[in-house]
$ cat structure_34.csv   # CSV, C-alpha atoms
chain,number,residue,atom,x,y,z
S,1,MET,CA,56.0,102.3,94.7
S,2,THR,CA,59.6,103.5,95.6
S,3,ALA,CA,60.8,106.9,96.7
S,4,GLU,CA,64.5,107.6,96.5
S,5,ILE,CA,66.3,110.5,98.1
S,6,GLY,CA,69.9,111.0,99.1
S,7,LEU,CA,73.1,113.0,99.5
S,8,TRP,CA,76.4,112.9,97.7
S,9,SER,CA,79.6,114.3,99.0
S,10,HIS,CA,83.1,114.2,97.7
S,11,LYS,CA,86.4,114.8,99.6
S,12,SER,CA,89.7,113.9,98.0
S,13,ASP,CA,89.4,110.2,96.9
S,14,PHE,CA,86.5,109.5,99.3
S,15,LYS,CA,83.1,109.5,97.8
S,16,ILE,CA,79.8,108.7,99.5
S,17,ILE,CA,76.3,108.3,98.2
S,18,HIS,CA,73.5,107.9,100.7
S,19,LEU,CA,70.4,106.5,99.0
S,20,LEU,CA,67.1,106.0,100.7
S,21,HIS,CA,64.6,103.7,99.2
S,22,LEU,CA,61.1,103.7,100.8
S,23,SER,CA,59.5,100.6,99.2
S,24,ARG,CA,55.9,99.7,99.3
S,25,TYR,CA,55.0,96.2,98.4
S,26,PRO,CA,52.7,93.3,99.4
S,27,LEU,CA,54.4,90.6,101.3
S,28,LYS,CA,52.6,87.9,99.3
S,29,ARG,CA,51.1,87.8,95.9
S,30,GLY,CA,47.5,88.8,96.2
S,31,GLU,CA,47.9,90.0,99.8
S,32,ALA,CA,46.0,93.2,100.3
S,33,LYS,CA,48.0,94.5,103.4
S,34,ILE,CA,50.9,96.7,102.4
S,35,LYS,CA,54.2,96.6,104.2
S,36,TYR,CA,56.9,99.2,104.1
S,37,CYS,CA,60.6,98.7,104.1
S,38,VAL,CA,63.4,101.4,104.2
S,39,SER,CA,66.6,100.5,102.4
S,40,VAL,CA,69.6,102.8,102.8
S,41,ASN,CA,72.4,102.2,100.3
S,42,VAL,CA,75.8,103.6,101.3
S,43,CYS,CA,78.6,103.7,98.7
S,44,HIS,CA,82.1,104.8,99.5
S,45,GLY,CA,84.6,104.6,96.7
S,46,ARG,CA,83.8,101.2,95.0
S,47,GLN,CA,82.3,99.8,98.2
S,48,ASN,CA,78.6,99.3,98.5
S,49,SER,CA,76.5,98.6,101.7
S,50,VAL,CA,72.8,98.2,101.9
S,51,TYR,CA,70.9,98.6,105.2
S,52,ASN,CA,67.3,97.5,105.4
S,53,PHE,CA,64.8,98.3,108.1
S,54,ASP,CA,61.1,97.8,108.6
S,55,MET,CA,59.0,100.5,110.2
S,56,LYS,CA,59.3,99.1,113.8
S,57,GLN,CA,63.1,99.0,113.4
S,58,CYS,CA,63.2,102.6,112.1
S,59,VAL,CA,61.4,103.7,115.3
S,60,SER,CA,63.8,101.9,117.5
S,61,LEU,CA,66.8,103.2,115.5
S,62,PHE,CA,65.5,106.7,115.6
S,63,PHE,CA,65.9,106.8,119.4
S,64,SER,CA,69.3,105.2,119.2
S,65,GLY,CA,70.6,107.9,116.9
S,66,ILE,CA,71.5,105.5,114.1
S,67,PHE,CA,68.3,106.4,112.2
S,68,PHE,CA,69.3,110.0,112.1
S,69,SER,CA,72.8,109.3,110.7
S,70,LEU,CA,71.6,106.8,108.0
S,71,LEU,CA,68.2,108.3,107.2
S,72,MET,CA,67.6,111.9,108.2
S,73,VAL,CA,70.9,113.2,106.7
S,74,PRO,CA,69.9,111.9,103.2
S,75,LEU,CA,66.4,113.3,103.7
S,76,LEU,CA,67.8,116.8,103.8
S,77,ALA,CA,69.2,116.5,100.3
S,78,ALA,CA,66.3,114.9,98.5
S,79,PRO,CA,66.2,117.2,95.5
S,80,GLU,CA,69.8,116.5,94.6
S,81,THR,CA,69.9,112.7,94.6
S,82,GLY,CA,69.4,111.8,90.9
S,83,ALA,CA,71.5,114.7,89.8
S,84,ALA,CA,74.3,113.8,92.2
S,85,ILE,CA,74.5,110.3,91.0
S,86,LYS,CA,74.5,111.4,87.4
S,87,THR,CA,77.2,114.0,88.1
S,88,GLN,CA,79.4,111.5,89.9
S,89,LYS,CA,79.1,109.0,87.0
S,90,GLU,CA,79.9,111.7,84.5
S,91,LYS,CA,83.0,112.7,86.4
S,92,LEU,CA,84.2,109.2,86.4
S,93,ILE,CA,83.5,108.7,82.7
S,94,GLY,CA,85.3,111.9,82.0
S,95,GLN,CA,88.5,110.3,83.5
S,96,LEU,CA,88.5,107.3,81.2
S,97,PRO,CA,91.3,107.1,78.6
S,98,ALA,CA,90.9,109.0,75.4
S,99,GLY,CA,89.1,107.0,72.7
S,100,THR,CA,87.2,104.7,75.2
S,101,LEU,CA,83.9,103.6,73.6
S,102,LYS,CA,80.9,104.3,76.0
S,103,ILE,CA,77.5,102.6,75.4
S,104,LEU,CA,75.2,103.8,78.2
S,105,ASP,CA,71.8,102.5,79.3
S,106,LYS,CA,71.6,99.9,76.5
S,107,PRO,CA,68.7,97.5,76.8
S,108,TYR,CA,69.8,93.9,76.6
S,109,VAL,CA,66.3,92.5,76.1
S,110,GLU,CA,63.5,93.7,73.9
S,111,GLY,CA,60.8,95.8,75.7
S,112,ALA,CA,62.8,96.5,78.8
S,113,LYS,CA,60.8,98.7,81.2
S,114,PRO,CA,61.7,100.1,84.6
S,115,GLY,CA,60.0,98.5,87.7
S,116,SER,CA,59.1,100.2,91.0
S,117,ASN,CA,62.6,101.6,91.0
S,118,ALA,CA,64.4,103.2,88.0
S,119,ALA,CA,67.3,100.8,88.5
S,120,SER,CA,65.1,97.8,88.4
S,121,LEU,CA,65.6,97.5,84.7
S,122,GLN,CA,67.3,95.2,82.1
S,123,ILE,CA,69.9,97.7,80.8
S,124,LEU,CA,73.7,97.9,80.8
S,125,ASP,CA,76.6,100.2,80.4
S,126,LEU,CA,79.5,99.1,78.2
S,127,TYR,CA,83.0,100.5,78.2
S,128,VAL,CA,85.5,99.4,75.6
S,129,PRO,CA,89.2,100.4,75.2
S,130,ALA,CA,90.3,102.3,72.1
S,131,GLY,CA,91.5,100.0,69.3
S,132,ASN,CA,90.2,97.1,67.3
S,133,GLY,CA,90.6,94.4,69.9
S,134,PRO,CA,89.0,92.0,70.3
S,135,PHE,CA,89.2,92.7,74.1
S,136,PRO,CA,88.5,90.3,76.9
S,137,LEU,CA,85.2,91.3,78.6
S,138,ILE,CA,84.5,91.7,82.3
S,139,VAL,CA,80.8,91.7,83.4
S,140,TRP,CA,80.2,93.6,86.7
S,141,ILE,CA,77.1,92.7,88.7
S,142,HIS,CA,76.2,95.1,91.6
S,143,GLY,CA,75.0,94.1,95.0
S,144,GLY,CA,72.0,95.3,97.0
S,145,GLY,CA,70.2,92.2,98.4
S,146,TRP,CA,68.6,91.5,95.0
S,147,HIS,CA,66.3,94.4,95.6
S,148,GLY,CA,68.6,97.4,95.6
S,149,GLY,CA,71.8,98.9,94.2
S,150,ASP,CA,72.5,100.0,90.6
S,151,LYS,CA,75.2,99.9,87.9
S,152,GLU,CA,75.9,103.6,87.8
S,153,SER,CA,79.0,104.9,89.6
S,154,SER,CA,80.3,101.5,90.6
S,155,GLY,CA,80.5,100.4,87.0
S,156,ALA,CA,82.2,103.6,85.9
S,157,SER,CA,84.6,103.4,88.8
S,158,LEU,CA,85.6,99.8,87.9
S,159,ALA,CA,86.0,100.8,84.2
S,160,LEU,CA,88.6,103.4,85.3
S,161,GLN,CA,90.7,100.5,86.6
S,162,PHE,CA,90.0,97.9,83.9
S,163,ILE,CA,90.1,99.9,80.7
S,164,PRO,CA,93.7,101.0,81.0
S,165,ARG,CA,94.7,97.3,81.4
S,166,GLY,CA,93.0,96.3,78.1
S,167,PHE,CA,89.7,94.9,79.4
S,168,ALA,CA,86.2,95.9,78.2
S,169,LEU,CA,83.7,96.2,81.1
S,170,ALA,CA,79.9,95.9,81.1
S,171,SER,CA,78.0,97.1,84.1
S,172,LEU,CA,74.5,95.6,84.5
S,173,ASP,CA,71.2,96.6,86.0
S,174,TYR,CA,68.7,93.8,86.5
S,175,ARG,CA,65.1,93.5,87.8
S,176,TYR,CA,64.7,93.7,91.6
S,177,THR,CA,63.0,90.8,93.4
S,178,TYR,CA,59.9,92.7,94.3
S,179,ASP,CA,59.3,93.4,90.6
S,180,ALA,CA,60.3,90.0,89.3
S,181,PRO,CA,60.8,87.0,91.7
S,182,PHE,CA,64.1,85.0,91.6
S,183,PRO,CA,65.5,83.5,89.4
S,184,ALA,CA,64.7,86.6,87.2
S,185,GLN,CA,67.9,88.3,88.4
S,186,VAL,CA,70.3,85.6,87.2
S,187,GLU,CA,68.2,85.1,84.1
S,188,ASP,CA,68.7,88.8,83.4
S,189,CYS,CA,72.5,88.4,83.9
S,190,ASN,CA,72.5,85.5,81.4
S,191,ALA,CA,70.4,87.6,79.0
S,192,ALA,CA,73.0,90.3,79.2
S,193,LEU,CA,75.7,87.8,78.5
S,194,VAL,CA,73.9,86.5,75.4
S,195,TRP,CA,73.4,90.1,74.1
S,196,LEU,CA,77.1,91.0,74.7
S,197,ARG,CA,78.2,87.9,72.8
S,198,ALA,CA,75.8,88.5,70.0
S,199,ASN,CA,77.2,92.0,69.6
S,200,ALA,CA,80.8,91.2,70.3
S,201,LYS,CA,82.0,91.9,66.7
S,202,GLU,CA,80.4,95.3,66.6
S,203,TYR,CA,81.9,96.4,69.9
S,204,HIS,CA,85.4,94.7,69.5
S,205,LEU,CA,84.8,92.1,72.3
S,206,ASN,CA,86.3,88.7,72.5
S,207,PRO,CA,83.2,86.4,73.1
S,208,ASP,CA,85.5,83.5,74.2
S,209,ARG,CA,87.2,85.5,77.0
S,210,VAL,CA,84.5,86.6,79.4
S,211,GLY,CA,84.8,87.1,83.2
S,212,VAL,CA,82.2,88.0,85.7
S,213,VAL,CA,82.7,89.9,89.0
S,214,GLY,CA,80.2,90.8,91.7
S,215,HIS,CA,79.8,91.9,95.2
S,216,SER,CA,77.4,90.5,97.8
S,217,ALA,CA,74.1,89.6,96.0
S,218,GLY,CA,75.9,90.4,92.7
S,219,ALA,CA,78.6,87.9,93.7
S,220,HIS,CA,75.9,85.3,94.3
S,221,LEU,CA,74.7,85.9,90.7
S,222,ALA,CA,78.2,85.9,89.3
S,223,ALA,CA,78.8,82.6,91.1
S,224,LEU,CA,75.6,81.1,89.7
S,225,MET,CA,76.7,82.1,86.2
S,226,ALA,CA,80.0,80.4,86.8
S,227,VAL,CA,78.7,77.1,88.1
S,228,THR,CA,75.7,76.7,85.8
S,229,GLY,CA,77.0,78.1,82.5
S,230,GLY,CA,76.9,74.7,80.8
S,231,GLU,CA,73.5,73.6,82.1
S,232,HIS,CA,71.1,76.5,81.2
S,233,PRO,CA,68.9,76.1,84.3
S,234,PHE,CA,68.5,79.9,84.5
S,235,SER,CA,68.0,80.9,80.8
S,236,LYS,CA,65.6,80.3,78.0
S,237,ALA,CA,68.4,80.9,75.4
S,238,LEU,CA,69.1,77.2,75.0
S,239,ASN,CA,71.2,77.5,71.9
S,240,ALA,CA,73.4,80.3,73.3
S,241,SER,CA,76.7,79.9,75.1
S,242,LEU,CA,76.4,80.9,78.8
S,243,ARG,CA,79.8,79.8,79.9
S,244,VAL,CA,82.1,82.3,81.4
S,245,GLN,CA,85.8,81.8,81.6
S,246,ALA,CA,86.5,83.2,85.1
S,247,ALA,CA,84.7,84.7,88.0
S,248,VAL,CA,85.5,86.9,91.0
S,249,CYS,CA,83.2,86.8,94.0
S,250,TRP,CA,83.4,89.5,96.8
S,251,ALA,CA,81.5,88.7,100.0
S,252,ALA,CA,79.2,86.2,98.2
S,253,PRO,CA,76.3,84.2,99.8
S,254,PHE,CA,77.1,80.9,98.3
S,255,ASP,CA,74.5,78.8,100.2
S,256,LEU,CA,71.0,80.1,100.9
S,257,ASP,CA,70.0,76.9,102.7
S,258,ARG,CA,69.6,78.1,106.3
S,259,GLU,CA,71.1,75.0,107.9
S,260,ARG,CA,73.7,74.0,105.3
S,261,GLY,CA,74.7,77.6,104.9
S,262,ASN,CA,75.1,78.1,108.6
S,263,TRP,CA,73.1,81.3,108.7
S,264,PRO,CA,72.8,82.9,112.2
S,265,THR,CA,69.3,82.4,113.5
S,266,ASN,CA,68.5,86.1,113.8
S,267,MET,CA,69.0,86.9,110.1
S,268,PHE,CA,68.0,86.1,106.5
S,269,ALA,CA,66.6,82.6,106.0
S,270,TRP,CA,65.8,82.1,109.7
S,271,ASN,CA,64.2,85.5,110.2
S,272,PRO,CA,60.7,85.9,108.7
S,273,LYS,CA,60.9,89.7,109.2
S,274,ASP,CA,64.2,90.0,107.3
S,275,PRO,CA,63.6,92.1,104.1
S,276,PHE,CA,66.0,89.9,102.1
S,277,SER,CA,63.8,86.8,102.9
S,278,ARG,CA,60.6,88.6,102.3
S,279,THR,CA,61.6,89.8,98.8
S,280,PHE,CA,63.6,86.8,97.8
S,281,PHE,CA,61.6,83.7,98.6
S,282,PRO,CA,58.2,82.9,97.0
S,283,GLY,CA,55.4,84.3,99.1
S,284,GLY,CA,57.9,86.0,101.4
S,285,ALA,CA,58.6,82.9,103.4
S,286,TYR,CA,61.6,80.6,103.6
S,287,ASP,CA,61.5,77.6,101.3
S,288,GLY,CA,64.3,75.0,101.6
S,289,ASP,CA,64.0,73.5,98.2
S,290,PHE,CA,63.9,77.0,96.6
S,291,ALA,CA,66.9,78.0,98.7
S,292,ARG,CA,69.0,75.1,97.5
S,293,LYS,CA,68.0,75.6,93.9
S,294,ALA,CA,69.1,79.2,94.2
S,295,SER,CA,72.5,78.3,95.8
S,296,PRO,CA,75.8,78.2,93.9
S,297,ALA,CA,76.8,75.5,96.4
S,298,SER,CA,74.3,73.1,94.9
S,299,TYR,CA,76.0,73.0,91.5
S,300,ILE,CA,79.6,72.2,92.2
S,301,HIS,CA,81.3,70.1,89.5
S,302,ALA,CA,84.7,69.7,87.8
S,303,GLY,CA,83.9,71.9,84.8
S,304,ILE,CA,83.6,75.2,86.7
S,305,PRO,CA,85.9,78.0,85.4
S,306,PRO,CA,88.7,79.5,87.6
S,307,MET,CA,87.3,81.5,90.6
S,308,LEU,CA,88.7,84.1,92.9
S,309,ILE,CA,86.8,84.3,96.2
S,310,VAL,CA,87.4,87.1,98.7
S,311,HIS,CA,85.5,87.3,102.0
S,312,GLY,CA,86.0,89.7,105.0
S,313,ALA,CA,86.9,88.1,108.3
S,314,ARG,CA,84.6,90.6,110.0
S,315,ASP,CA,81.6,90.0,107.8
S,316,THR,CA,78.4,90.0,109.8
S,317,THR,CA,76.1,90.0,106.7
S,318,VAL,CA,77.2,86.7,105.1
S,319,PRO,CA,78.9,83.9,107.2
S,320,LEU,CA,82.6,83.5,106.4
S,321,GLY,CA,82.2,79.8,106.7
S,322,GLN,CA,80.2,79.7,103.5
S,323,ALA,CA,83.1,81.0,101.4
S,324,SER,CA,85.5,78.5,103.2
S,325,VAL,CA,83.3,75.5,102.5
S,326,PHE,CA,82.5,76.5,98.9
S,327,ALA,CA,86.2,77.1,98.1
S,328,ALA,CA,87.2,73.8,99.7
S,329,LYS,CA,84.6,71.9,97.7
S,330,LEU,CA,85.6,73.6,94.5
S,331,LYS,CA,89.2,72.6,95.1
S,332,GLU,CA,88.1,69.0,95.9
S,333,SER,CA,86.4,68.9,92.5
S,334,GLY,CA,89.6,70.0,90.7
S,335,VAL,CA,88.5,73.6,90.1
S,336,ASP,CA,91.2,76.3,89.9
S,337,VAL,CA,90.2,78.4,92.9
S,338,THR,CA,91.9,81.2,94.8
S,339,PHE,CA,90.4,81.9,98.3
S,340,ARG,CA,91.5,84.8,100.5
S,341,VAL,CA,90.2,86.0,103.8
S,342,ASP,CA,90.5,89.8,104.3
S,343,PRO,CA,91.3,90.2,108.0
S,344,ASP,CA,90.6,94.0,108.0
S,345,HIS,CA,87.2,94.1,106.4
S,346,GLY,CA,83.7,92.9,106.9
S,347,HIS,CA,81.1,92.8,104.1
S,348,ASP,CA,82.8,95.8,102.4
S,349,VAL,CA,85.7,93.9,100.9
S,350,MET,CA,85.6,95.9,97.6
S,351,GLY,CA,88.4,98.4,97.4
S,352,ALA,CA,91.5,99.4,95.4
S,353,SER,CA,93.6,96.4,96.5
S,354,ALA,CA,90.8,93.9,95.9
S,355,THR,CA,90.2,95.4,92.4
S,356,GLU,CA,93.9,95.1,91.6
S,357,GLU,CA,93.9,91.5,92.7
S,358,ALA,CA,90.9,90.9,90.5
S,359,ILE,CA,92.6,92.5,87.5
S,360,GLN,CA,95.7,90.3,88.0
S,361,PHE,CA,93.5,87.2,88.3
S,362,PHE,CA,91.7,88.1,85.0
S,363,GLU,CA,95.0,88.8,83.4
S,364,ARG,CA,96.1,85.3,84.3
S,365,THR,CA,92.8,83.5,83.3
S,366,LEU,CA,91.6,85.5,80.3
S,367,ARG,CA,94.7,86.3,78.4
$ encode --input "structure_34.csv" --output "structure tokens"
Amino acid sequence: MTAEIGLWSHKSDFKIIHLLHLSRYPLKRGEAKIKYCVSVNVCHGRQNSVYNFDMKQCVSLFFSGIFFSLLMVPLLAAPETGAAIKTQKEKLIGQLPAGTLKILDKPYVEGAKPGSNAASLQILDLYVPAGNGPFPLIVWIHGGGWHGGDKESSGASLALQFIPRGFALASLDYRYTYDAPFPAQVEDCNAALVWLRANAKEYHLNPDRVGVVGHSAGAHLAALMAVTGGEHPFSKALNASLRVQAAVCWAAPFDLDRERGNWPTNMFAWNPKDPFSRTFFPGGAYDGDFARKASPASYIHAGIPPMLIVHGARDTTVPLGQASVFAAKLKESGVDVTFRVDPDHGHDVMGASATEEAIQFFERTLR
């Protein structure tokens, strides 16, 4: 069960959506005891940050004042959340160039049904420039710790930047980990890619010029698509092409192995109370073999397509060293890789300059 409430405000070019997800789920399959997790998703512009707290942390944060700023303010605007998100997305779509084709909430698998959250669903939005094309396609994968976030405003916002430059853009939703354990998330992304290629002629897409871009958990999924596209470890569509031609990864966790990935001992894989670990790993407990299988760092080889990797120097969510090591190993394998450290940002490296950088990268690699 998930409750979602929030507040949207708009001032000039600054947009913020506070989303509260109160999630109720068993820590382990078959476990009767129910645990609760509060996830606050804050989006400003094209940036997205997710904060997760268990009930004990919420009590502590309440007395520090942080709980009020992240949780109580959205609580006051509960009736407007869904409408606010829809309104914001409609405003963004209304700014797209005339003639843009818009396919919204399209299932990319048969029988797609929402999970415990409406965004935990195998659907996509597709935006295509006016004209006959065929247009190179960008696939956007949102972040949110594999158990939060959505395709809505972030996808429409990116479409505003990509469509005028002659790119089609697909924005994906995928099943959350507490509805479908990993690797369901990357399997969904691959299923979306298969559907897009199968329908490329109808929607004027170039099936041979496809790039993926993601932030945080979405960047992890984008990286997995890039490094495993020729192997099919995360897809049942064995006869379909899963190769992408380029990938952009913003603030990606490339290595989920807690030692090899140099994770701080108070977070993620080292911390059994961390919501990311509890929802990502089978049974809610760290598993080294599973972590390595789920890591893009485990699949480096010479045939990986060009990659642009951007990581914030102040990132306290994913260690910067992971991006440095991953980029270095790609380069050693002969992969075309561009790696940039953003000195002014942390995990929130998405922004206008990063998007422009991504567009220029795709112009070089997909044209």
$ residues_around --input "structure_34.csv" --residues "region 364-367 of chain S" --least-positions-apart "4" --cutoff "8 Å" --atoms "all atoms listed in the file" --output "number ranges by chain"
S: 136, 209-211, 245-246, 306, 360
$ residues_around --input "structure_34.csv" --residues "Gly261 (chain S)" --least-positions-apart "2" --cutoff "10 Å" --atoms "only C-alpha atoms" --output "PDB file with C-alpha atoms, in the coordinates of the input"
ATOM      1  CA  PRO S 253      76.300  84.200  99.800  1.00  0.00           C
ATOM      2  CA  PHE S 254      77.100  80.900  98.300  1.00  0.00           C
ATOM      3  CA  ASP S 255      74.500  78.800 100.200  1.00  0.00           C
ATOM      4  CA  LEU S 256      71.000  80.100 100.900  1.00  0.00           C
ATOM      5  CA  ASP S 257      70.000  76.900 102.700  1.00  0.00           C
ATOM      6  CA  ARG S 258      69.600  78.100 106.300  1.00  0.00           C
ATOM      7  CA  GLU S 259      71.100  75.000 107.900  1.00  0.00           C
ATOM      8  CA  TRP S 263      73.100  81.300 108.700  1.00  0.00           C
ATOM      9  CA  PRO S 264      72.800  82.900 112.200  1.00  0.00           C
ATOM     10  CA  ALA S 269      66.600  82.600 106.000  1.00  0.00           C
ATOM     11  CA  ALA S 291      66.900  78.000  98.700  1.00  0.00           C
ATOM     12  CA  ARG S 292      69.000  75.100  97.500  1.00  0.00           C
ATOM     13  CA  SER S 295      72.500  78.300  95.800  1.00  0.00           C
ATOM     14  CA  ALA S 297      76.800  75.500  96.400  1.00  0.00           C
ATOM     15  CA  VAL S 318      77.200  86.700 105.100  1.00  0.00           C
ATOM     16  CA  PRO S 319      78.900  83.900 107.200  1.00  0.00           C
ATOM     17  CA  LEU S 320      82.600  83.500 106.400  1.00  0.00           C
ATOM     18  CA  GLY S 321      82.200  79.800 106.700  1.00  0.00           C
ATOM     19  CA  GLN S 322      80.200  79.700 103.500  1.00  0.00           C
ATOM     20  CA  ALA S 323      83.100  81.000 101.400  1.00  0.00           C
ATOM     21  CA  VAL S 325      83.300  75.500 102.500  1.00  0.00           C
ATOM     22  CA  PHE S 326      82.500  76.500  98.900  1.00  0.00           C
TER      23      PHE S 326
END
$ residues_around --input "structure_34.csv" --residues "Asn206 (chain S)" --least-positions-apart "5" --cutoff "9 Å" --atoms "only C-alpha atoms" --output "list in words"
Gly133, Pro134, Phe135, Pro136, Leu137, Arg197, Ala200 and Lys201 of chain S
$ closest_atom_pairs --input "structure_34.csv" --of "region 231-262 of chain S" --to "region 337-358 of chain S" --cutoff "9 Å" --atoms "all atoms listed in the file" --output "Markdown table"
| residue | atom | partner | partner_atom | distance |
| --- | --- | --- | --- | --- |
| S:Val248 | CA | S:Ala358 | CA | 6.7 |
| S:Trp250 | CA | S:Val349 | CA | 6.4 |
| S:Ala251 | CA | S:His347 | CA | 5.8 |
$ residues_around --input "structure_34.csv" --residues "region 217-233 of chain S" --least-positions-apart "4" --cutoff "10 Å" --atoms "only C-alpha atoms" --output "PDB file with C-alpha atoms, in the frame of the given file"
ATOM      1  CA  VAL S 139      80.800  91.700  83.400  1.00  0.00           C
ATOM      2  CA  TRP S 140      80.200  93.600  86.700  1.00  0.00           C
ATOM      3  CA  ILE S 141      77.100  92.700  88.700  1.00  0.00           C
ATOM      4  CA  HIS S 142      76.200  95.100  91.600  1.00  0.00           C
ATOM      5  CA  GLY S 143      75.000  94.100  95.000  1.00  0.00           C
ATOM      6  CA  GLY S 144      72.000  95.300  97.000  1.00  0.00           C
ATOM      7  CA  GLY S 145      70.200  92.200  98.400  1.00  0.00           C
ATOM      8  CA  TRP S 146      68.600  91.500  95.000  1.00  0.00           C
ATOM      9  CA  HIS S 147      66.300  94.400  95.600  1.00  0.00           C
ATOM     10  CA  GLY S 148      68.600  97.400  95.600  1.00  0.00           C
ATOM     11  CA  GLY S 149      71.800  98.900  94.200  1.00  0.00           C
ATOM     12  CA  LEU S 172      74.500  95.600  84.500  1.00  0.00           C
ATOM     13  CA  PRO S 183      65.500  83.500  89.400  1.00  0.00           C
ATOM     14  CA  GLN S 185      67.900  88.300  88.400  1.00  0.00           C
ATOM     15  CA  VAL S 186      70.300  85.600  87.200  1.00  0.00           C
ATOM     16  CA  GLU S 187      68.200  85.100  84.100  1.00  0.00           C
ATOM     17  CA  ASP S 188      68.700  88.800  83.400  1.00  0.00           C
ATOM     18  CA  CYS S 189      72.500  88.400  83.900  1.00  0.00           C
ATOM     19  CA  ASN S 190      72.500  85.500  81.400  1.00  0.00           C
ATOM     20  CA  LEU S 193      75.700  87.800  78.500  1.00  0.00           C
ATOM     21  CA  GLY S 211      84.800  87.100  83.200  1.00  0.00           C
ATOM     22  CA  VAL S 212      82.200  88.000  85.700  1.00  0.00           C
ATOM     23  CA  VAL S 213      82.700  89.900  89.000  1.00  0.00           C
ATOM     24  CA  ALA S 237      68.400  80.900  75.400  1.00  0.00           C
ATOM     25  CA  LEU S 238      69.100  77.200  75.000  1.00  0.00           C
ATOM     26  CA  ASN S 239      71.200  77.500  71.900  1.00  0.00           C
ATOM     27  CA  ALA S 240      73.400  80.300  73.300  1.00  0.00           C
ATOM     28  CA  SER S 241      76.700  79.900  75.100  1.00  0.00           C
ATOM     29  CA  LEU S 242      76.400  80.900  78.800  1.00  0.00           C
ATOM     30  CA  ARG S 243      79.800  79.800  79.900  1.00  0.00           C
ATOM     31  CA  VAL S 244      82.100  82.300  81.400  1.00  0.00           C
ATOM     32  CA  GLN S 245      85.800  81.800  81.600  1.00  0.00           C
ATOM     33  CA  ALA S 246      86.500  83.200  85.100  1.00  0.00           C
ATOM     34  CA  ALA S 247      84.700  84.700  88.000  1.00  0.00           C
ATOM     35  CA  VAL S 248      85.500  86.900  91.000  1.00  0.00           C
ATOM     36  CA  CYS S 249      83.200  86.800  94.000  1.00  0.00           C
ATOM     37  CA  TRP S 250      83.400  89.500  96.800  1.00  0.00           C
ATOM     38  CA  ALA S 251      81.500  88.700 100.000  1.00  0.00           C
ATOM     39  CA  ALA S 252      79.200  86.200  98.200  1.00  0.00           C
ATOM     40  CA  PRO S 253      76.300  84.200  99.800  1.00  0.00           C
ATOM     41  CA  PHE S 254      77.100  80.900  98.300  1.00  0.00           C
ATOM     42  CA  ASP S 255      74.500  78.800 100.200  1.00  0.00           C
ATOM     43  CA  LEU S 256      71.000  80.100 100.900  1.00  0.00           C
ATOM     44  CA  LYS S 293      68.000  75.600  93.900  1.00  0.00           C
ATOM     45  CA  ALA S 294      69.100  79.200  94.200  1.00  0.00           C
ATOM     46  CA  SER S 295      72.500  78.300  95.800  1.00  0.00           C
ATOM     47  CA  PRO S 296      75.800  78.200  93.900  1.00  0.00           C
ATOM     48  CA  ALA S 297      76.800  75.500  96.400  1.00  0.00           C
ATOM     49  CA  SER S 298      74.300  73.100  94.900  1.00  0.00           C
ATOM     50  CA  TYR S 299      76.000  73.000  91.500  1.00  0.00           C
ATOM     51  CA  ILE S 300      79.600  72.200  92.200  1.00  0.00           C
ATOM     52  CA  HIS S 301      81.300  70.100  89.500  1.00  0.00           C
ATOM     53  CA  ALA S 302      84.700  69.700  87.800  1.00  0.00           C
ATOM     54  CA  GLY S 303      83.900  71.900  84.800  1.00  0.00           C
ATOM     55  CA  ILE S 304      83.600  75.200  86.700  1.00  0.00           C
ATOM     56  CA  PRO S 305      85.900  78.000  85.400  1.00  0.00           C
ATOM     57  CA  PRO S 306      88.700  79.500  87.600  1.00  0.00           C
ATOM     58  CA  MET S 307      87.300  81.500  90.600  1.00  0.00           C
ATOM     59  CA  ILE S 309      86.800  84.300  96.200  1.00  0.00           C
TER      60      ILE S 309
END
$ residues_around --input "structure_34.csv" --residues "Ser277 (chain S)" --least-positions-apart "2" --cutoff "12 Å" --atoms "all atoms listed in the file" --output "ChimeraX atom specification"
/S:27-28,52,145-147,177-178,181-182,256-258,266-275,279-288,290-291
$ atom_distance --input "structure_34.csv" --atom1 "CA of Phe361 (chain S)" --atom2 "CA of Gln161 (chain S)"
13.7 Å
$ atom_distance --input "structure_34.csv" --atom1 "CA of Tyr203 (chain S)" --atom2 "CA of Leu104 (chain S)"
13.0 Å
$ decode --input "structure_34.csv" --residues "region 109-113 of chain S" --atoms "N, CA, C and O atoms" --output "mmCIF file, in the first residue's frame"
data_model
loop_
_atom_site.group_PDB
_atom_site.id
_atom_site.type_symbol
_atom_site.label_atom_id
_atom_site.label_comp_id
_atom_site.auth_asym_id
_atom_site.auth_seq_id
_atom_site.Cartn_x
_atom_site.Cartn_y
_atom_site.Cartn_z
ATOM 1 N N VAL S 109 4.324 -3.500 -22.676
ATOM 2 C CA VAL S 109 4.136 -4.945 -22.561
ATOM 3 C C VAL S 109 2.634 -5.210 -22.479
ATOM 4 O O VAL S 109 1.857 -4.330 -22.092
ATOM 5 N N GLU S 110 2.226 -6.398 -22.829
ATOM 6 C CA GLU S 110 0.814 -6.746 -22.729
ATOM 7 C C GLU S 110 0.431 -6.957 -21.267
ATOM 8 O O GLU S 110 1.197 -7.508 -20.478
ATOM 9 N N GLY S 111 -0.757 -6.503 -20.912
ATOM 10 C CA GLY S 111 -1.270 -6.720 -19.565
ATOM 11 C C GLY S 111 -0.603 -5.893 -18.493
ATOM 12 O O GLY S 111 -0.581 -6.299 -17.323
ATOM 13 N N ALA S 112 -0.048 -4.734 -18.845
ATOM 14 C CA ALA S 112 0.610 -3.884 -17.850
ATOM 15 C C ALA S 112 -0.404 -3.415 -16.811
ATOM 16 O O ALA S 112 -1.466 -2.899 -17.152
ATOM 17 N N LYS S 113 -0.078 -3.597 -15.534
ATOM 18 C CA LYS S 113 -0.952 -3.191 -14.443
ATOM 19 C C LYS S 113 -0.137 -2.436 -13.398
ATOM 20 O O LYS S 113 1.014 -2.789 -13.136
#
